[in-house]
Amino acid sequence: GRADTLTRLWELTNTRFIFGASDPNFLKSLSAQLDCGQNRFRVQTAFDLVPKPGVSQATRLDQVTVATNATGEFALIEFTGALPRAKLFTNWLTSTNDAEVLNLLTNAIFKPHDTVIVSAALPPPSGPGTSSGTASFLSYEPKRIRLEATAVAPSVLLLNDKHSPNWNVTVDGQPAPLLRCNYLMRGVQVPSGKHVIEFRYQPPITGLYITSATLVLGLGLLGFVLCSRQQATAPAEPQNLPPVK
């Protein structure tokens with residue numbers, strides 16, 4: 001049903017925190033509508049909205065601040081069923097059929113915390129495996145992401161960031177194939193052991209050359225137009241006429 005699909009999409013997109021009311025009835029409603037009654041929403045921090053110091057009565061949002069309070073009216077709510085931002089999997093399924101992948105991702109029998117779907121022809125896992133190891137971020141920048149992974153067996157590292165062919169990936173400094181995981185996320189295969197994985201965004205260099213050439217051509221045309229206008233508006237030089245007698 002629709003609630004099952006919403007639950008699954010919430011799990012896959014790594015959306016872990018939302019703001020809402022701390023009222024237990026609100027959590028029950030969230031669970032019933034978005035989590036099929038699994039009760040994976042919990043209050044992480046309760047708080048009240050109060051006037052900032054020196055403001056007697058807040059009339060604008062910029063005059064309001066947050067005060068944590070165990071009985072606060074509002075709360076930072078955690079969805080404990082969300083996938084981590086990065087996770088190692090010793091179990092994976094492969095399919096290059098996007099329609100099949102989407103159907104499987106939203107199927108109730110699929111367990112996204114146990115298995116990742118890879119849109120590539122990978123060899124099957126070596127064994128079922130119950131523990132996949134750990135993955136943690138060393139640094140996170142818009143065009144460069146570094147992680148440290150300790151895999152107990154050959155694994156697929158899922159990075160819950162959108163896939164693009166302009167991303168390159170290395171494992172311990174060696175280039176590795178970039179995988180498309182769970183339909184639109186990034187991933188890479190890693191052998192057992194401890195490794196450093198780096199994702200870098202590198203757009204095609206031909207596009208960079210075209211952009212640079214276009215910029216240079218545009219500047220050249222602009223300079224030509226400006227010079228032409230200056231010559232057209234410059235006063236004419238006086239001509240040497242014979243003296244008047």
# chains A, B, ... in the order shown; residues from 1 in each chain; ligands from 1
call {"tool": "closest_atom_pairs", "arguments": {"of": "segment 146-172 of chain A", "to": "segment 115-118 of chain A", "cutoff": "12 Å", "atoms": "only C-alpha atoms", "output": "tab-separated table"}}
result
residue	atom	partner	partner_atom	distance
A:Ser155	CA	A:Val116	CA	10.2
A:Val156	CA	A:Val116	CA	7.9
A:Leu157	CA	A:Val116	CA	9.1
A:Leu158	CA	A:Val116	CA	7.6
A:Leu159	CA	A:Val116	CA	10.9
A:Asn160	CA	A:Val116	CA	11.2
A:His163	CA	A:Val118	CA	11.9
call {"tool": "write_last_selection", "arguments": {"atoms": "N, CA, C and O atoms", "output": "short mmCIF file (atom, residue, chain, number, x, y, z; two decimals), in the first residue's frame"}}
result
data_model
loop_
_atom_site.label_atom_id
_atom_site.label_comp_id
_atom_site.auth_asym_id
_atom_site.auth_seq_id
_atom_site.Cartn_x
_atom_site.Cartn_y
_atom_site.Cartn_z
N SER A 155 32.80 -6.71 0.44
CA SER A 155 31.55 -5.99 0.69
C SER A 155 31.29 -4.95 -0.39
O SER A 155 32.17 -4.64 -1.21
N VAL A 156 30.09 -4.42 -0.37
CA VAL A 156 29.72 -3.24 -1.16
C VAL A 156 29.48 -2.11 -0.18
O VAL A 156 28.68 -2.24 0.76
N LEU A 157 30.21 -1.01 -0.37
CA LEU A 157 29.99 0.19 0.44
C LEU A 157 28.91 1.03 -0.22
O LEU A 157 29.08 1.47 -1.37
N LEU A 158 27.82 1.25 0.47
CA LEU A 158 26.75 2.14 -0.01
C LEU A 158 26.96 3.52 0.58
O LEU A 158 27.04 3.68 1.81
N LEU A 159 27.07 4.53 -0.29
CA LEU A 159 27.09 5.92 0.14
C LEU A 159 25.76 6.52 -0.29
O LEU A 159 25.47 6.61 -1.48
N ASN A 160 24.96 6.92 0.69
CA ASN A 160 23.61 7.41 0.37
C ASN A 160 23.64 8.85 -0.12
O ASN A 160 23.05 9.76 0.46
N HIS A 163 23.87 9.24 -7.23
CA HIS A 163 24.83 8.77 -8.21
C HIS A 163 24.94 9.72 -9.39
O HIS A 163 23.96 10.34 -9.82
#
call {"tool": "residues_around", "arguments": {"residues": "segment 27-42 of chain A", "least_positions_apart": "4", "cutoff": "12 Å", "atoms": "only C-alpha atoms", "output": "ChimeraX atom specification"}}
result
/A:1-11,15-23,46,74-82,108
call {"tool": "select_by_dssp", "arguments": {"residues": "segment 65-137 of chain A", "states": "alpha helix (DSSP H)", "output": "list in words"}}
result
Asp98, Ala99, Glu100, Val101, Leu102, Asn103, Leu104 and Leu105 of chain A
call {"tool": "select_by_dssp", "arguments": {"residues": "segment 36-177 of chain A", "states": "strand (DSSP E)", "output": "VMD selection string"}}
result
chain A and resid 41 to 51 64 to 68 74 to 79 86 to 89 92 to 94 116 to 118 134 to 141 144 to 151 155 to 162 167 to 171 174 to 176
call {"tool": "write_last_selection", "arguments": {"atoms": "C-alpha atoms", "output": "tab-separated table (two decimals), in the first residue's frame"}}
result
chain	number	residue	atom	x	y	z
A	41	PHE	CA	9.84	7.39	15.62
A	42	ARG	CA	11.14	8.64	18.97
A	43	VAL	CA	11.75	11.97	20.68
A	44	GLN	CA	15.44	12.73	20.53
A	45	THR	CA	15.32	16.16	22.22
A	46	ALA	CA	12.29	18.07	23.53
A	47	PHE	CA	12.32	21.86	23.56
A	48	ASP	CA	10.25	25.04	23.84
A	49	LEU	CA	10.35	28.18	21.71
A	50	VAL	CA	11.12	31.17	23.96
A	51	PRO	CA	12.01	34.85	23.45
A	64	VAL	CA	12.77	33.49	19.13
A	65	THR	CA	15.27	30.90	20.34
A	66	VAL	CA	15.18	27.29	21.55
A	67	ALA	CA	15.32	26.14	25.16
A	68	THR	CA	15.67	22.40	25.73
A	74	PHE	CA	8.16	20.60	20.50
A	75	ALA	CA	10.81	18.00	19.73
A	76	LEU	CA	13.57	16.88	17.43
A	77	ILE	CA	12.19	13.50	16.36
A	78	GLU	CA	14.43	10.67	15.16
A	79	PHE	CA	13.36	8.01	12.70
A	86	ALA	CA	27.31	5.11	4.66
A	87	LYS	CA	27.06	1.36	5.24
A	88	LEU	CA	28.89	-1.84	4.30
A	89	PHE	CA	26.91	-4.78	2.93
A	92	TRP	CA	23.85	-7.75	-2.43
A	93	LEU	CA	21.57	-8.38	-5.37
A	94	THR	CA	22.36	-7.36	-8.94
A	116	VAL	CA	21.81	-3.57	-1.22
A	117	ILE	CA	20.79	-3.69	-4.89
A	118	VAL	CA	23.58	-2.99	-7.40
A	134	THR	CA	31.99	-0.42	9.90
A	135	ALA	CA	32.22	2.71	7.75
A	136	SER	CA	32.94	6.22	9.02
A	137	PHE	CA	33.60	9.59	7.39
A	138	LEU	CA	37.10	11.08	7.46
A	139	SER	CA	36.02	14.24	5.62
A	140	TYR	CA	33.00	15.46	3.69
A	141	GLU	CA	33.23	18.24	1.10
A	144	ARG	CA	35.48	15.22	-2.25
A	145	ILE	CA	34.36	12.62	0.31
A	146	ARG	CA	36.75	10.37	2.24
A	147	LEU	CA	35.70	7.39	4.33
A	148	GLU	CA	37.39	4.68	6.33
A	149	ALA	CA	35.87	1.22	6.09
A	150	THR	CA	36.70	-1.97	7.95
A	151	ALA	CA	35.09	-4.90	6.16
A	155	SER	CA	31.55	-5.99	0.69
A	156	VAL	CA	29.72	-3.24	-1.16
A	157	LEU	CA	29.99	0.19	0.44
A	158	LEU	CA	26.75	2.14	-0.01
A	159	LEU	CA	27.09	5.92	0.14
A	160	ASN	CA	23.61	7.41	0.37
A	161	ASP	CA	24.38	10.30	-1.98
A	162	LYS	CA	22.99	10.65	-5.50
A	167	TRP	CA	32.01	10.93	-9.65
A	168	ASN	CA	35.19	8.85	-9.50
A	169	VAL	CA	36.14	6.56	-6.64
A	170	THR	CA	39.37	5.08	-5.33
A	171	VAL	CA	40.06	2.39	-2.73
A	174	GLN	CA	43.60	2.81	-6.58
A	175	PRO	CA	40.78	3.57	-9.06
A	176	ALA	CA	37.71	1.38	-8.64
call {"tool": "residues_around", "arguments": {"residues": "Pro125 of chain A", "least_positions_apart": "2", "cutoff": "7 Å", "atoms": "only C-alpha atoms", "output": "list in words"}}
result
Thr90, Asn91, Trp92, Pro123 and Gly127 of chain A
call {"tool": "write_last_selection", "arguments": {"atoms": "N, CA and C atoms", "output": "PDB file, in the first residue's frame"}}
result
ATOM      1  N   THR A  90      27.566  -7.114   3.114  1.00  0.00           N
ATOM      2  CA  THR A  90      28.139  -8.362   2.610  1.00  0.00           C
ATOM      3  C   THR A  90      27.126  -9.117   1.763  1.00  0.00           C
ATOM      4  N   ASN A  91      25.872  -8.651   1.752  1.00  0.00           N
ATOM      5  CA  ASN A  91      24.830  -9.245   0.911  1.00  0.00           C
ATOM      6  C   ASN A  91      24.404  -8.222  -0.133  1.00  0.00           C
ATOM      7  N   TRP A  92      24.336  -8.652  -1.388  1.00  0.00           N
ATOM      8  CA  TRP A  92      23.851  -7.751  -2.434  1.00  0.00           C
ATOM      9  C   TRP A  92      23.154  -8.551  -3.530  1.00  0.00           C
ATOM     10  N   PRO A 123      29.836 -10.369  -9.269  1.00  0.00           N
ATOM     11  CA  PRO A 123      29.735 -11.756  -8.813  1.00  0.00           C
ATOM     12  C   PRO A 123      28.925 -11.813  -7.525  1.00  0.00           C
ATOM     13  N   GLY A 127      29.247 -15.395   0.829  1.00  0.00           N
ATOM     14  CA  GLY A 127      28.501 -16.087   1.875  1.00  0.00           C
ATOM     15  C   GLY A 127      27.434 -15.182   2.429  1.00  0.00           C
TER      16      GLY A 127
END
